[in-house]
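Q: Supplied structure: run-v9.csv, CSV, C-alpha atoms.
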```csv
chain,number,residue,atom,x,y,z
A,1,MET,CA,-2.0,-15.6,-15.2
A,2,THR,CA,-1.2,-16.9,-11.8
A,3,TRP,CA,0.3,-15.4,-8.6
A,4,ASN,CA,3.9,-16.0,-7.6
A,5,GLU,CA,4.7,-15.3,-4.0
A,6,ILE,CA,8.1,-13.6,-3.2
A,7,PRO,CA,9.7,-12.7,0.1
A,8,PRO,CA,9.1,-9.0,0.9
A,9,GLU,CA,12.9,-8.3,0.7
A,10,HIS,CA,12.9,-9.5,-2.9
A,11,LEU,CA,10.6,-6.7,-4.0
A,12,ALA,CA,12.4,-5.1,-6.9
A,13,ASP,CA,10.1,-2.0,-7.3
A,14,ASN,CA,11.1,1.3,-5.8
A,15,PRO,CA,8.6,1.9,-3.0
A,16,ILE,CA,8.5,5.7,-3.5
A,17,GLN,CA,7.7,5.2,-7.2
A,18,LEU,CA,5.2,2.5,-6.4
A,19,ILE,CA,3.1,4.6,-4.0
A,20,ALA,CA,3.7,8.3,-4.9
A,21,GLU,CA,3.8,7.9,-8.7
A,22,ASP,CA,2.2,4.6,-9.7
A,23,TRP,CA,-0.4,4.8,-6.9
A,24,THR,CA,-2.0,1.9,-5.1
A,25,LEU,CA,-5.5,0.7,-4.3
A,26,ILE,CA,-6.0,0.1,-0.6
A,27,THR,CA,-8.7,-2.5,-0.2
A,28,GLY,CA,-10.4,-3.8,2.9
A,29,GLY,CA,-13.2,-6.3,3.4
A,30,THR,CA,-14.0,-9.6,1.8
A,31,LEU,CA,-15.6,-10.5,-1.6
A,32,GLU,CA,-19.0,-10.3,0.1
A,33,LYS,CA,-18.5,-6.7,1.1
A,34,TRP,CA,-15.4,-4.6,0.3
A,35,ASN,CA,-14.2,-1.2,-0.7
A,36,THR,CA,-11.1,0.2,-2.3
A,37,MET,CA,-9.5,3.6,-2.5
A,38,THR,CA,-6.6,5.1,-4.4
A,39,ALA,CA,-3.7,6.2,-2.3
A,40,SER,CA,-0.5,8.0,-3.2
A,41,TRP,CA,0.7,8.4,0.4
A,42,GLY,CA,2.2,5.6,2.4
A,43,GLY,CA,5.3,3.5,2.7
A,44,LEU,CA,7.1,0.2,3.0
A,45,GLY,CA,9.7,-0.5,5.6
A,46,VAL,CA,10.7,-2.3,8.8
A,47,ILE,CA,9.6,-1.7,12.3
A,48,TRP,CA,9.7,-4.0,15.3
A,49,ASN,CA,11.9,-6.3,13.2
A,50,ARG,CA,9.0,-6.9,10.8
A,51,PRO,CA,8.5,-6.0,7.1
A,52,VAL,CA,5.6,-3.5,7.1
A,53,THR,CA,3.3,-1.2,5.1
A,54,PHE,CA,2.3,2.2,6.3
A,55,ILE,CA,-1.0,3.4,5.0
A,56,PHE,CA,-2.9,6.6,5.9
A,57,VAL,CA,-6.7,6.7,5.6
A,58,ARG,CA,-9.0,9.5,6.7
A,59,PRO,CA,-12.0,8.5,8.8
A,60,THR,CA,-14.3,10.1,6.3
A,61,ARG,CA,-13.3,7.6,3.6
A,62,TYR,CA,-15.6,4.6,3.2
A,63,THR,CA,-12.6,2.2,3.1
A,64,TYR,CA,-11.8,3.3,6.7
A,65,HIS,CA,-14.9,1.4,7.9
A,66,PHE,CA,-13.5,-1.8,6.3
A,67,LEU,CA,-10.1,-1.4,7.8
A,68,GLU,CA,-11.6,-1.0,11.2
A,69,GLN,CA,-13.6,-4.2,10.8
A,70,ARG,CA,-10.8,-6.6,9.7
A,71,VAL,CA,-7.1,-6.6,10.2
A,72,TRP,CA,-6.4,-7.9,6.7
A,73,HIS,CA,-6.0,-5.4,3.8
A,74,THR,CA,-4.2,-5.3,0.5
A,75,LEU,CA,-2.2,-2.8,-1.5
A,76,SER,CA,-2.7,-3.5,-5.2
A,77,PHE,CA,-0.4,-2.1,-7.9
A,78,PHE,CA,-1.2,-1.9,-11.6
A,79,ASP,CA,0.5,-1.2,-14.9
A,80,GLU,CA,0.0,2.3,-16.3
A,81,GLU,CA,-2.8,1.2,-18.7
A,82,HIS,CA,-5.1,1.0,-15.6
A,83,ARG,CA,-4.4,4.6,-14.4
A,84,SER,CA,-7.9,5.7,-15.3
A,85,LYS,CA,-9.4,3.0,-13.0
A,86,LEU,CA,-7.2,4.2,-10.1
A,87,THR,CA,-8.3,7.8,-10.8
A,88,HIS,CA,-11.9,6.8,-10.7
A,89,CYS,CA,-11.5,4.8,-7.5
A,90,GLY,CA,-10.0,7.9,-5.9
A,91,ASN,CA,-12.7,10.3,-7.1
A,92,VAL,CA,-15.9,8.5,-6.2
A,93,SER,CA,-17.1,6.8,-2.9
A,94,GLY,CA,-17.9,3.2,-2.7
A,95,ARG,CA,-20.9,4.3,-0.5
A,96,ASP,CA,-22.6,5.6,-3.7
A,97,HIS,CA,-20.8,3.8,-6.6
A,98,ASP,CA,-20.0,0.2,-7.6
A,99,LYS,CA,-16.3,0.8,-8.4
A,100,ALA,CA,-15.8,-2.7,-9.9
A,101,ALA,CA,-18.7,-2.3,-12.3
A,102,GLU,CA,-17.8,1.3,-13.2
A,103,THR,CA,-14.1,0.5,-13.9
A,104,GLY,CA,-14.1,-3.1,-15.0
A,105,LEU,CA,-11.9,-4.1,-12.1
A,106,VAL,CA,-12.4,-7.7,-11.3
A,107,PRO,CA,-12.2,-8.4,-7.5
A,108,GLU,CA,-10.7,-11.7,-6.4
A,109,ALA,CA,-10.0,-13.2,-3.0
A,110,ILE,CA,-6.5,-14.1,-1.8
A,111,ALA,CA,-5.4,-15.4,1.6
A,112,HIS,CA,-7.6,-14.6,4.6
A,113,GLU,CA,-10.4,-13.6,2.2
A,114,ALA,CA,-8.6,-10.3,1.5
A,115,VAL,CA,-9.6,-8.7,-1.8
A,116,THR,CA,-7.4,-7.7,-4.7
A,117,PHE,CA,-8.0,-7.4,-8.5
A,118,ALA,CA,-7.4,-9.6,-11.4
A,119,GLN,CA,-5.7,-6.7,-13.3
A,120,ALA,CA,-3.1,-6.1,-10.5
A,121,ARG,CA,0.5,-6.8,-11.3
A,122,LEU,CA,1.7,-6.7,-7.6
A,123,VAL,CA,-0.2,-7.2,-4.4
A,124,ILE,CA,1.0,-6.8,-0.8
A,125,LEU,CA,-1.2,-8.5,1.8
A,126,SER,CA,-0.9,-6.9,5.2
A,127,ARG,CA,-2.2,-7.5,8.7
A,128,THR,CA,-2.8,-4.4,10.8
A,129,ILE,CA,-0.6,-4.6,13.9
A,130,TYR,CA,-0.8,-0.9,15.0
A,131,PHE,CA,-2.8,2.2,14.3
A,132,GLN,CA,-2.5,5.8,15.5
A,133,ASP,CA,-4.5,8.9,14.7
A,134,LEU,CA,-2.4,11.8,13.4
A,135,ASP,CA,-2.3,14.7,15.7
A,136,ALA,CA,-1.6,18.3,14.5
A,137,GLU,CA,0.4,18.8,17.7
A,138,GLY,CA,3.0,16.5,16.3
A,139,PHE,CA,3.5,18.6,13.1
A,140,VAL,CA,7.0,20.0,13.5
A,141,ASP,CA,6.7,21.6,10.1
A,142,PRO,CA,3.6,23.9,10.3
A,143,SER,CA,3.1,23.7,6.5
A,144,ILE,CA,1.9,20.2,6.9
A,145,SER,CA,-1.4,21.6,8.4
A,146,ALA,CA,-2.2,22.9,4.9
A,147,ASN,CA,-3.1,19.3,4.0
A,148,TYR,CA,-5.9,19.4,6.6
A,149,PRO,CA,-8.1,22.4,6.0
A,150,LYS,CA,-11.0,20.5,7.5
A,151,LYS,CA,-8.9,19.1,10.4
A,152,ASP,CA,-9.8,15.6,9.1
A,153,TYR,CA,-6.5,13.9,10.1
A,154,HIS,CA,-5.5,10.5,8.8
A,155,ARG,CA,-5.3,7.4,10.8
A,156,LEU,CA,-2.0,5.6,10.3
A,157,TYR,CA,-2.2,1.8,10.0
A,158,VAL,CA,1.0,-0.2,10.3
A,159,GLY,CA,0.5,-3.6,8.6
A,160,GLU,CA,2.8,-6.5,8.9
A,161,ILE,CA,3.5,-7.8,5.3
A,162,GLU,CA,2.2,-11.4,5.2
A,163,LYS,CA,2.5,-12.0,1.4
A,164,VAL,CA,3.9,-10.2,-1.6
A,165,LEU,CA,2.4,-11.6,-4.8
A,166,VAL,CA,3.5,-10.8,-8.4
A,167,ARG,CA,1.7,-11.9,-11.6
A,168,GLN,CA,3.5,-14.4,-13.8
```
Mind turning the file's structure into structure tokens?
A:
Amino acid sequence: MTWNEIPPEHLADNPIQLIAEDWTLITGGTLEKWNTMTASWGGLGVIWNRPVTFIFVRPTRYTYHFLEQRVWHTLSFFDEEHRSKLTHCGNVSGRDHDKAAETGLVPEAIAHEAVTFAQARLVILSRTIYFQDLDAEGFVDPSISANYPKKDYHRLYVGEIEKVLVRQ
């Protein structure tokens, strides 16, 4: 199968369904050295007149290191048959595990040497244009703090969408 590029505004998928229920793999690095992690928090939208992704990664995650090194990252989405692969990638660290070997995911490079996977059905390539560490002082709803018992607040990355690729 080959990739077909579509404009971001032609994305037919519901972004809440895509991220919260289908989940995504956030991947940073290049084919030489990369890591991926499963995410069910994030978003798609518009800011500064640009189509963007919003991803949240804790500094303790191995993928964080790769996002800090390069501005390019991917959000890869899969059919339900690959759910166990996403579960595995969310439960083990790439510091200690070869996620590709353990799941059968086949990494492949796209533009700017960003990494996605042969099994993905949809990929969003983003270039980080902004980041901000979350601060508990900004939690208007105090119940949000329950997500951070270790005070390990996420870093928000805003990525300008450079490409949206769908499998043909």
Q: What's the 9 Å shell around Trp41 in chain A, counting only C-alpha atoms, without same-chain residues fewer than 2 positions away, as an MDAnalysis selection string?
A: chainID A and resid 19:20 23:24 39 43 54:56
Q: What does the structure give for the distance between CA of Asn35 in chain A and CA of His10 in chain A, in Å to one decimal?
A: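 It comes out at 28.4 Å.
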Q: Which one of A:His65, A:Arg167, A:His88, A:Lys33 sits closest to Ala109 in chain A if you count all atoms listed in the file?
A: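 Result for the nearest residue to Ala109 in chain A: A:Lys33.
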Q: What would the list of residues within 10 Å of (8.3, -5.7, 9.1) (file frame) look like as a list in words, if only C-alpha atoms are what count?
A: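 Residues satisfying the cut-off, written out: Pro8, Glu9, Leu44, Gly45, Val46, Ile47, Trp48, Asn49, Arg50, Pro51, Val52, Thr53, Val158, Gly159, Glu160, Ile161 and Glu162 of chain A.
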Q: Can you measure CA of Arg155 in chain A to CA of Tyr64 in chain A for me? One decimal in Å is fine.
A: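 Result for CA of Arg155 in chain A versus CA of Tyr64 in chain A: 8.7 Å, one decimal.
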Q: Determine the nearest neighbour of Ala136 in chain A from the options A:Asn4, A:Val57, A:Val123, A:Asp152, counting all atoms listed in the file.
A: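 Answer, going by the shortest atom-to-atom distance: A:Asp152.
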Q: Which one is closest to Arg83 in chain A: A:Arg61, A:Gly42, A:Ile6, A:Ala120? Count all atoms listed in the file.
A: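 Selected residue with least distance to Arg83 in chain A: A:Ala120.
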Q: Got a sec: who's within 8 Å of His73 in chain A, counting all atoms listed in the file, leaving out chain neighbours fewer than 4 positions off, as JSON, numbers by chain?
A: {"A": [26, 27, 28, 29, 67, 114, 115, 125, 126, 127, 128]}
Q: Using only C-alpha atoms, find the one residue out of A:Arg121, A:Ser93, A:Ala146, A:Glu102 that sits nearest to Glu5 in chain A.
A: A:Arg121
Q: Can you tell me which residues surround Ile124 in chain A at a distance of at most 7 Å, considering only C-alpha atoms, apart from same-chain residues fewer than 2 positions away, and format the answer as number ranges by chain?
A: A: 74-76, 122, 126, 161, 163-165
Q: Check the smallest atom-to-atom distance from each of A:Thr60, A:Thr2, A:Thr116, A:Gly90 to His154 in chain A using only C-alpha atoms, then report the winner.
A: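 Looking at the shortest contact to His154 in chain A, the residue is A:Thr60.
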Q: Taking into account only C-alpha atoms, which residue in the set A:Asp79, A:Asp13, A:Glu32, A:Glu137 is nearest to Pro107 in chain A?
A: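 Of the candidates, the smallest distance to Pro107 in chain A is held by A:Glu32.
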